[in-house]
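Participant: Data file protein-v3.cif (mmCIF, C-alpha atoms) is appended below.
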```cif
data_upload
loop_
_atom_site.label_atom_id
_atom_site.label_comp_id
_atom_site.auth_asym_id
_atom_site.auth_seq_id
_atom_site.Cartn_x
_atom_site.Cartn_y
_atom_site.Cartn_z
CA MET Y 1 -147.30 159.08 -83.77
CA ARG Y 2 -150.24 156.93 -82.76
CA TYR Y 3 -151.03 155.83 -79.23
CA TYR Y 4 -152.84 152.65 -78.28
CA THR Y 5 -154.04 151.42 -74.91
CA ILE Y 6 -153.84 147.94 -73.46
CA GLN Y 7 -155.34 146.63 -70.26
CA VAL Y 8 -153.15 144.48 -68.03
CA LYS Y 9 -153.45 143.00 -64.57
CA THR Y 10 -153.91 145.81 -62.05
CA ARG Y 11 -150.88 146.51 -59.85
CA SER Y 12 -148.72 144.40 -62.20
CA GLU Y 13 -148.14 147.07 -64.86
CA LEU Y 14 -144.40 147.44 -64.22
CA LYS Y 15 -144.02 143.67 -64.09
CA PHE Y 16 -145.78 143.40 -67.48
CA MET Y 17 -143.40 145.98 -68.96
CA ARG Y 18 -140.36 144.10 -67.59
CA PHE Y 19 -141.66 140.78 -68.98
CA TYR Y 20 -142.30 142.30 -72.39
CA ARG Y 21 -138.86 143.90 -72.60
CA ALA Y 22 -137.15 140.70 -71.47
CA MET Y 23 -139.08 138.46 -73.86
CA TYR Y 24 -138.87 140.69 -76.95
CA GLN Y 25 -135.59 142.58 -76.78
CA ASP Y 26 -135.35 142.51 -80.57
CA LYS Y 27 -138.68 144.41 -80.98
CA PRO Y 28 -138.33 147.53 -78.87
CA LEU Y 29 -141.73 149.06 -78.27
CA PRO Y 30 -142.22 152.30 -76.28
CA LEU Y 31 -144.52 151.43 -73.37
CA TYR Y 32 -145.76 154.12 -70.97
CA PHE Y 33 -147.27 153.71 -67.54
CA PRO Y 34 -148.08 157.10 -65.94
CA GLN Y 35 -147.77 157.28 -62.16
CA LYS Y 36 -148.51 159.93 -59.53
CA GLU Y 37 -147.22 160.90 -56.12
CA ILE Y 38 -149.93 161.05 -53.47
CA PRO Y 39 -149.40 162.10 -49.85
CA GLN Y 40 -150.96 159.57 -47.48
CA ARG Y 41 -151.30 159.55 -43.73
CA ARG Y 42 -150.54 156.17 -42.16
CA ARG Y 43 -150.74 155.89 -38.37
CA GLY Y 44 -150.38 159.64 -38.05
CA VAL Y 45 -147.28 159.88 -40.25
CA LEU Y 46 -147.52 161.72 -43.57
CA CYS Y 47 -145.57 160.07 -46.38
CA THR Y 48 -145.64 160.26 -50.16
CA ARG Y 49 -146.64 157.14 -52.08
CA ARG Y 50 -146.33 156.38 -55.75
CA ARG Y 51 -149.54 155.10 -57.35
CA ALA Y 52 -150.85 154.44 -60.85
CA VAL Y 53 -152.70 157.29 -62.55
CA LEU Y 54 -154.84 154.78 -64.48
CA PRO Y 55 -154.47 151.39 -62.78
CA GLY Y 56 -154.35 148.52 -65.22
CA TYR Y 57 -153.66 150.57 -68.36
CA ILE Y 58 -150.45 150.88 -70.38
CA PHE Y 59 -150.01 153.13 -73.40
CA ILE Y 60 -148.10 152.15 -76.54
CA GLU Y 61 -146.48 154.64 -78.92
CA LEU Y 62 -146.15 153.65 -82.58
CA MET Y 63 -144.86 155.47 -85.63
CA GLU Y 64 -147.44 156.32 -88.29
CA GLU Y 65 -146.08 153.74 -90.73
CA ASP Y 66 -145.95 151.00 -88.08
CA SER Y 67 -148.96 148.78 -87.37
CA ILE Y 68 -150.19 147.41 -84.06
CA LYS Y 69 -150.69 144.09 -85.86
CA ASN Y 70 -146.89 143.67 -85.95
CA TYR Y 71 -146.90 143.52 -82.13
CA TYR Y 72 -150.27 141.86 -81.58
CA TRP Y 73 -149.12 138.36 -80.64
CA GLU Y 74 -146.07 139.49 -78.69
CA LEU Y 75 -148.25 141.63 -76.44
CA ARG Y 76 -150.93 138.95 -76.10
CA ARG Y 77 -148.36 136.31 -75.06
CA THR Y 78 -146.84 138.50 -72.36
CA PRO Y 79 -147.97 137.39 -68.88
CA GLY Y 80 -150.51 139.76 -67.35
CA PHE Y 81 -152.09 140.91 -70.62
CA PHE Y 82 -155.91 141.22 -70.64
CA ARG Y 83 -157.01 143.06 -73.78
CA PHE Y 84 -156.50 145.86 -76.27
CA LEU Y 85 -158.88 148.80 -76.11
CA VAL Y 86 -161.63 149.04 -77.46
CA SER Y 87 -161.46 145.23 -77.88
CA ASN Y 88 -159.08 142.64 -79.29
CA ARG Y 89 -161.06 142.65 -82.55
CA ASP Y 90 -161.43 146.43 -82.73
CA ILE Y 91 -158.07 147.97 -81.81
CA ARG Y 92 -158.24 151.76 -82.16
CA PRO Y 93 -155.68 154.48 -81.44
CA LEU Y 94 -156.47 157.36 -79.12
CA GLU Y 95 -157.85 160.45 -80.88
CA GLY Y 96 -159.04 163.98 -80.12
CA ARG Y 97 -159.42 165.09 -76.51
CA GLU Y 98 -158.50 161.63 -75.24
CA LEU Y 99 -155.17 161.80 -77.04
CA GLU Y 100 -154.47 165.35 -75.82
CA ALA Y 101 -155.07 164.38 -72.18
CA VAL Y 102 -152.92 161.25 -72.39
CA LEU Y 103 -150.12 163.07 -74.23
CA TYR Y 104 -150.16 165.76 -71.55
CA LEU Y 105 -149.81 163.07 -68.86
CA LEU Y 106 -147.07 161.21 -70.73
CA LYS Y 107 -145.00 164.03 -72.21
CA ALA Y 108 -145.58 167.28 -70.29
CA VAL Y 109 -145.96 165.81 -66.81
CA GLY Y 110 -143.45 163.00 -67.22
CA PRO Y 111 -143.42 159.42 -65.95
CA VAL Y 112 -144.39 160.50 -62.41
CA ALA Y 113 -146.89 163.29 -61.75
CA GLY Y 114 -145.73 165.28 -58.77
CA ILE Y 115 -147.68 167.52 -56.45
CA SER Y 116 -149.30 170.62 -57.97
CA ARG Y 117 -149.21 174.05 -56.38
CA VAL Y 118 -152.60 175.73 -56.22
CA GLY Y 119 -154.39 178.69 -54.74
CA PHE Y 120 -158.03 179.57 -54.24
CA ASP Y 121 -159.75 182.73 -55.50
CA GLU Y 122 -162.32 184.86 -53.66
CA ASN Y 123 -165.12 182.43 -54.65
CA SER Y 124 -163.17 179.45 -53.24
CA ARG Y 125 -162.50 178.08 -56.73
CA ILE Y 126 -159.22 176.30 -57.33
CA VAL Y 127 -156.56 178.11 -59.38
CA VAL Y 128 -153.67 175.90 -60.51
CA LEU Y 129 -150.34 177.74 -60.44
CA GLU Y 130 -148.02 174.91 -61.53
CA GLY Y 131 -147.79 171.15 -61.69
CA PRO Y 132 -149.68 168.29 -63.32
CA LEU Y 133 -153.11 169.81 -62.67
CA LYS Y 134 -152.19 172.81 -64.86
CA GLY Y 135 -153.66 171.26 -68.02
CA PHE Y 136 -156.76 169.87 -66.31
CA GLU Y 137 -158.44 172.97 -64.86
CA GLY Y 138 -161.66 172.46 -66.82
CA ARG Y 139 -161.85 168.78 -65.92
CA ILE Y 140 -161.64 169.08 -62.14
CA ILE Y 141 -164.87 167.75 -60.69
CA LYS Y 142 -164.07 167.59 -56.96
CA VAL Y 143 -161.56 169.18 -54.60
CA ASP Y 144 -160.70 167.74 -51.19
CA LYS Y 145 -158.74 170.44 -49.34
CA ARG Y 146 -158.17 168.30 -46.24
CA LYS Y 147 -156.50 165.46 -48.15
CA GLY Y 148 -154.94 167.78 -50.73
CA ARG Y 149 -156.40 165.99 -53.74
CA ALA Y 150 -158.32 167.04 -56.80
CA ARG Y 151 -160.46 164.58 -58.75
CA VAL Y 152 -160.14 164.96 -62.51
CA GLN Y 153 -162.36 163.34 -65.14
CA LEU Y 154 -160.48 161.66 -67.98
CA ASP Y 155 -162.32 160.06 -70.92
CA LEU Y 156 -160.84 157.07 -72.74
CA TYR Y 157 -162.74 155.31 -75.51
CA ASN Y 158 -166.13 156.69 -74.42
CA GLU Y 159 -165.59 155.65 -70.80
CA SER Y 160 -165.03 158.12 -67.98
CA HIS Y 161 -162.24 157.53 -65.50
CA TRP Y 162 -161.65 159.61 -62.40
CA ILE Y 163 -158.10 160.20 -61.33
CA ASP Y 164 -156.96 161.87 -58.13
CA LEU Y 165 -153.96 164.18 -58.32
CA ALA Y 166 -152.28 165.74 -55.31
CA PHE Y 167 -151.91 169.46 -54.62
CA GLU Y 168 -150.57 171.76 -51.97
CA VAL Y 169 -152.20 175.08 -51.19
CA ILE Y 170 -149.95 178.11 -51.57
CA GLY Y 171 -152.57 180.63 -50.52
CA ARG Y 172 -155.12 182.91 -52.09
CA SER Y 173 -154.64 183.65 -55.79
CA PRO Y 174 -154.90 187.18 -57.18
#
```
Output the file's structure as structure tokens, nothing else.
Facilitator:
Amino acid sequence: MRYYTIQVKTRSELKFMRFYRAMYQDKPLPLYFPQKEIPQRRRGVLCTRRRAVLPGYIFIELMEEDSIKNYYWELRRTPGFFRFLVSNRDIRPLEGRELEAVLYLLKAVGPVAGISRVGFDENSRIVVLEGPLKGFEGRIIKVDKRKGRARVQLDLYNESHWIDLAFEVIGRSP
């Protein structure tokens, strides 16, 4: 399997996917848009909101024998499309660490990344017990205990993106 990335209008990712599926029902193409659950406090009330992990990006899964060129114009004609990554002239699949991180988000975590359960060791370092942060321990660059969020660095096509994932503290880890 090969995975490609397209950039679409931010906050219209689900709309883009609906348009594509409605316009091209005869060419089914697996499109993925990873989301996360983030607790937010609004007017003193804590609620969980669903947000995009990587706003504006959708991932496409293709078989090895299939070519992105077969879907090029269908994707470009879909309302909300901006560009292929790296560019429209240089379309490259994800490889290496980039692919591992995206596959972990898409396959292991699922379509919606929930809230991780963490603890802190004697040196106040975060220890992930379970949840979506489990595969990203080495990529955590910032922890906000008050908000319950950990900032993770994710590299795509030589660009760094920071994503915030939610966690709840269980207690001290052994």
Participant: If we count all atoms listed in the file and set the cut-off at 8 Å, which residues sit around Y:Val169, ignoring sequence neighbours fewer than 3 positions away in its own chain? Please answer as a list in words.
Facilitator: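 Skipping anything fewer than 3 positions along the chain leaves Arg117, Val118, Gly119, Phe120 and Gly148 of chain Y.
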Participant: Once the PyMOL selection byres ((chain Y and resi 58) around 9) has been applied to the shown file, what residues remain in the selection, as number ranges by chain?
Facilitator: Y: 4-8, 13, 17, 31-34, 54-57, 59-60
Participant: Considering all atoms listed in the file, return as a list in words whatever protein or nucleic-acid residues lie within 7 Å of Y:Leu62, sequence-local ones (same chain, fewer than 5 positions apart) excluded.
Facilitator: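 Final neighbour list, sorted by chain and number: Met1, Arg2 and Tyr3 of chain Y.
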Participant: Distance atom CA of Y:Pro132-atom CA of Y:Ala150, one decimal place?
Facilitator: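 Between atom CA of Y:Pro132 and atom CA of Y:Ala150 the gap is 10.9 Å.
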Participant: As a check of understanding, name the residues that the PyMOL selection byres ((chain Y and resi 15) around 12) selects in the supplied structure, as a PyMOL selection string.
Facilitator: chain Y and resi 8-14+16-22+33+56+58+78-81
Participant: Run the PyMOL selection byres ((chain Y and resi 115) around 7) on the file and write out the hits as a PyMOL selection string.
Facilitator: chain Y and resi 37+113-114+116-117+131+166-168
Participant: In Å, rounded to a single decimal, give me how far atom CA of Y:Ile38 is from atom CA of Y:Glu98.
Facilitator: 23.4 Å
Participant: Expressed in Å to a single decimal, how great is the separation between atom CA of Y:Tyr71 and atom CA of Y:Phe84?
Facilitator: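 Rounded to one decimal, the two atoms are 11.5 Å apart.
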Participant: Using all atoms of stretch 37-48 of chain Y that appear in the file, construct an axis-aligned enclosing box with 6 Å of padding on every side and provide its centre coordinates and edge lengths in Å, rounded to one decimal, as JSON.
Facilitator:
```
{"center_x": -148.4, "center_y": 159.0, "center_z": -47.1, "size_x": 17.7, "size_y": 18.2, "size_z": 30.1}
```
Participant: Given the choices Y:Arg77, Y:Arg146, Y:Arg43, Y:Arg125, which gets closest to Y:Tyr24 if the distance is worked out from only C-alpha atoms?
Facilitator: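 Smallest separation from Y:Tyr24 among the options: Y:Arg77.
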Participant: Pick from Y:Lys36, Y:Gln153, Y:Pro93, Y:Glu130: nearest to Y:Glu64, with all atoms listed in the file counted?
Facilitator: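 Once distances to Y:Glu64 are computed over all atoms listed in the file, the minimum belongs to Y:Pro93.
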